[in-house]
Amino acid sequence: MKNTFRKFGTQGLSLCVITIAALFVFALAACSNGTTSSSGGNPALTGTVTISGFVKVGTAVSVTTTGLNAASGFSYQWQSADSESGNFTPIQDATNNTYTPVEGDVNKFIRVVVSAAGYTGSVTSNALKVNEEGAEAPDIASITIKLESGSTDFTVNTGGSLTFIATVYDSEGAPVDDEYQGVTWSVSGNEKSDTTISSTEGVLTVAEDETVETLTVTATSTTDDEVFDSVEVTVTNLPALDGYVDIVNADGEYVYLVKAGDTVKVEVNASEVDAGSTFSYQWQYGDDPYDGDFTDIEGKTDENYTVGDAVKGKYIRVVVTCTGYSGSIESGAVKVRAGTPVVTSVTIDGKDENGKITVGKGTSGFLQATVNGENLEDYPDKEITWSMTGSTTPGTSLDEYGYYVIAAGETATELQITATSVTDTSKKDTVTVTLTEPAGKIIKITGLSGQSGEVGVEIRSSFDPDAEDLEMITAFGTIDDGTVTFALEFYDSTFGEWGGMAPWEGSGEYYIQLKGLNYGFDTYVYTNGAELETTDFDDNAKYDIQDDTTTIDFSKFKLIPLGQGGHVITVSGLSSFNGAVAKVELLKLVKDDGGDYSDTVTVGHAVISSGTAAISLAELVWGMPGLDGWTADDGEYYIKLSITDADGIKEYVYTDGETLSELSISTWADFWEEAPTFEFTSTTSSVAFDKFQPGGEDDISWF
């Protein structure tokens, strides 16, 4: 539906008015309406400035500031040019909110630039031609609005857009000259401020959450603002497109770095989209992956895209839309290599004047290396592998990230550490690491036969975290032939630039805990061999540390039992795992408005002995097993069983003896639908290992 109107009044206007229309915050409107901005702490001046009326010599042109985001402090600069798209230059002394054209302006085009104190950038009006004094205004009688596409269907989806065009006619029904075809666009009836129209370009953008069913779009003549045309636009409220988009290679693997010539494709994950809907794609490029300022790559609208030379050194992404849905979803940005990576050298940081690094035995830390070259990305081009030779003690190690641990009992005096470029393995650097004896005191724990791996020690003056002058001393060590050696350290706020761990050289009576025994599960506390009769650990024995090296036998420590007084579940049939640790998790499926998810109700573990693990289930404290036991509510639970030994972790699920294939279980969702539960009816329960089936990574994908 559309209507053409002419307001009552004179055909020629004696006063030309500049209307500053509604604000446009998004970039398209800002650019098309002459808004400029600069970075800084102040907000950018936003809005739209348009000139309307018949401009002639001797007739004042006035600025009306309505709709700007600044309330006061405006400045004005009038400009002129030989053509509407020409090179505009300032008009001398024309800096007021009105301007009266002079003879020298005849046949030129004028415009005004508005700025405001406390705001960055400026807003520039459109340009109109200056006529001779006494010239008659053209015959402007009517306006007709159409869609640029030629369609007569004035319907738009939420989140969509329409582009309008207008033709201005005289009273004889003929189009007026091009210089008088200018119109100003506006939209009304909208509920959402994000529903806007570009005042000079006629591009209507409807907010994704717009609620109204009808909008009114109006085109007003810039020569005679008494003449305008309006059309009603029907808004279709479509569901928003929801999901996510990945950019993947030909094998379907997610990519984060590509080079010119690579072919990538779109992988859309939008499960709620109706069958029969069609996706559309637009590939884009930009300089920054985070600022959102991306430009369409012309003609690249297919699902697959072969990276071109023009986007070398930039980032690419893809924007996806779908028929029947409003809005769009976009992928993350993928970096395009600027060129072929070339590694020229690798240098290990932190060497002294002799090209060596000195560290103490019983300490740990990170080594870093710099990879030099051209066209190198931080990842993967600057990645390195670390290696070490010369160690004589199992507790000395160096991992893939350059983190080293030097055993307190290391007998070597020097180590050789090498950093090798992953991109070019011929480029490497080797440093000699000189080892010094531990600076602080040492504790050795003996009698750990059958134990292995890295463990920790914690020495503290009190178990009360609020105790005055609380001291905590820690260290890590690796068990070697039944003995672990710790070089004691404490946090020193004055150690190094930011504070850090410093050697401890104190003495006195302290509580001692060993942590991480039995494959990382168990903590033992020093009791001098007495039974642990209370969980108030301050009642336990202290050890008087005086000598530079203290040796304590493991028999003087007792296990801190978790889950005391709670439900006990006994798993039998585990003879092939004697000495390993069995861990049980009871799970429930929770349903709420946010969807289904699993909830771990309780956890417990025990060392397997004589083929059996008697596992005390513990109340969870912040998701971790606590000292208090879990008392089972009568009910049914899913059971996950994991067994940890020197070979790693093996995982199982309770199936009541049936195989996963018999139960049609292959995914997380299948498990909740098909797996049987275990019923608890008393404070003790027993279950045989043959009632479980392997549920590790190769069996059920969600573990």
# chains A, B, ... in the order shown; residues from 1 in each chain; ligands from 1

call {"tool": "residues_around", "arguments": {"residues": "Val266 (chain A)", "least_positions_apart": "5", "cutoff": "9 Å", "atoms": "only C-alpha atoms", "output": "ChimeraX atom specification"}}
result
/A:245-249,281,302-305,318,320,331

call {"tool": "closest_residue", "arguments": {"among": "A:Thr478, A:Thr295, A:Lys351, A:Ile197", "to": "Ser397 (chain A)", "atoms": "only C-alpha atoms"}}
result
A:Thr478

call {"tool": "closest_residue", "arguments": {"among": "A:Gly362, A:Gly482, A:Gly520, A:Gly150", "to": "Val607 (chain A)", "atoms": "only C-alpha atoms"}}
result
A:Gly520

call {"tool": "residues_around", "arguments": {"residues": "region 97-107 of chain A", "least_positions_apart": "5", "cutoff": "8 Å", "atoms": "only C-alpha atoms", "output": "PDB file with C-alpha atoms, in the first residue's frame"}}
result
ATOM      1  CA  LYS A  56      19.759  30.340  -4.282  1.00  0.00           C
ATOM      2  CA  VAL A  57      21.880  33.437  -3.809  1.00  0.00           C
ATOM      3  CA  GLY A  58      20.669  35.668  -1.013  1.00  0.00           C
ATOM      4  CA  THR A  59      18.533  33.010   0.679  1.00  0.00           C
ATOM      5  CA  ALA A  60      19.790  31.872   4.086  1.00  0.00           C
ATOM      6  CA  VAL A  61      20.357  28.169   4.666  1.00  0.00           C
ATOM      7  CA  SER A  62      19.794  27.233   8.303  1.00  0.00           C
ATOM      8  CA  VAL A  63      20.894  24.195  10.298  1.00  0.00           C
ATOM      9  CA  SER A  75      30.745  23.796  15.266  1.00  0.00           C
ATOM     10  CA  TYR A  76      29.976  24.284  11.569  1.00  0.00           C
ATOM     11  CA  TRP A  78      30.320  25.149   5.079  1.00  0.00           C
ATOM     12  CA  SER A  80      31.610  24.108  -1.814  1.00  0.00           C
ATOM     13  CA  ASP A  82      32.097  22.360  -8.693  1.00  0.00           C
ATOM     14  CA  LYS A 129      23.280  23.209  -6.212  1.00  0.00           C
ATOM     15  CA  VAL A 130      23.240  26.999  -5.693  1.00  0.00           C
ATOM     16  CA  ASN A 131      20.972  28.900  -8.126  1.00  0.00           C
ATOM     17  CA  GLU A 132      20.996  32.571  -9.167  1.00  0.00           C
TER      18      GLU A 132
END

call {"tool": "closest_residue", "arguments": {"among": "A:Leu204, A:Ile297, A:Val484, A:Val235", "to": "Leu517 (chain A)", "atoms": "only C-alpha atoms"}}
result
A:Val484

call {"tool": "closest_residue", "arguments": {"among": "A:Ser391, A:Thr432, A:Thr196, A:Ser125", "to": "Thr216 (chain A)", "atoms": "only C-alpha atoms"}}
result
A:Thr196

call {"tool": "residues_around", "arguments": {"residues": "region 628-633 of chain A", "least_positions_apart": "3", "cutoff": "7 Å", "atoms": "only C-alpha atoms", "output": "PyMOL selection string"}}
result
chain A and resi 562-567+602+617-619+680+683

call {"tool": "residues_around", "arguments": {"residues": "Asp287 (chain A)", "least_positions_apart": "2", "cutoff": "7 Å", "atoms": "only C-alpha atoms", "output": "PyMOL selection string"}}
result
chain A and resi 289+314-315

call {"tool": "closest_atom_pairs", "arguments": {"of": "region 63-162 of chain A", "to": "region 43-47 of chain A", "cutoff": "10 Å", "atoms": "only C-alpha atoms", "output": "tab-separated table"}}
result
residue	atom	partner	partner_atom	distance
A:Thr65	CA	A:Gly47	CA	9.6
A:Thr66	CA	A:Gly47	CA	9.0
A:Gly67	CA	A:Gly47	CA	6.6
A:Leu68	CA	A:Gly47	CA	5.2
A:Asn69	CA	A:Thr46	CA	6.2
A:Ala70	CA	A:Leu45	CA	7.0
A:Val114	CA	A:Leu45	CA	9.0
A:Ser115	CA	A:Leu45	CA	7.1
A:Ala116	CA	A:Leu45	CA	7.1
A:Ala117	CA	A:Leu45	CA	9.5
A:Gly118	CA	A:Pro43	CA	7.7
A:Tyr119	CA	A:Pro43	CA	5.3
A:Thr120	CA	A:Ala44	CA	4.6
A:Gly121	CA	A:Ala44	CA	5.8
A:Ser122	CA	A:Leu45	CA	5.9
A:Val123	CA	A:Gly47	CA	6.7
A:Thr124	CA	A:Gly47	CA	9.3

call {"tool": "atom_distance", "arguments": {"atom1": "CA of Gly695 (chain A)", "atom2": "CA of Lys640 (chain A)"}}
result
8.4 Å

call {"tool": "select_by_dssp", "arguments": {"residues": "region 346-427 of chain A", "states": "strand (DSSP E or B)", "output": "PyMOL selection string"}}
result
chain A and resi 346-348+356-360+364-366+369-374+384-389+397-398+403-405+414-421
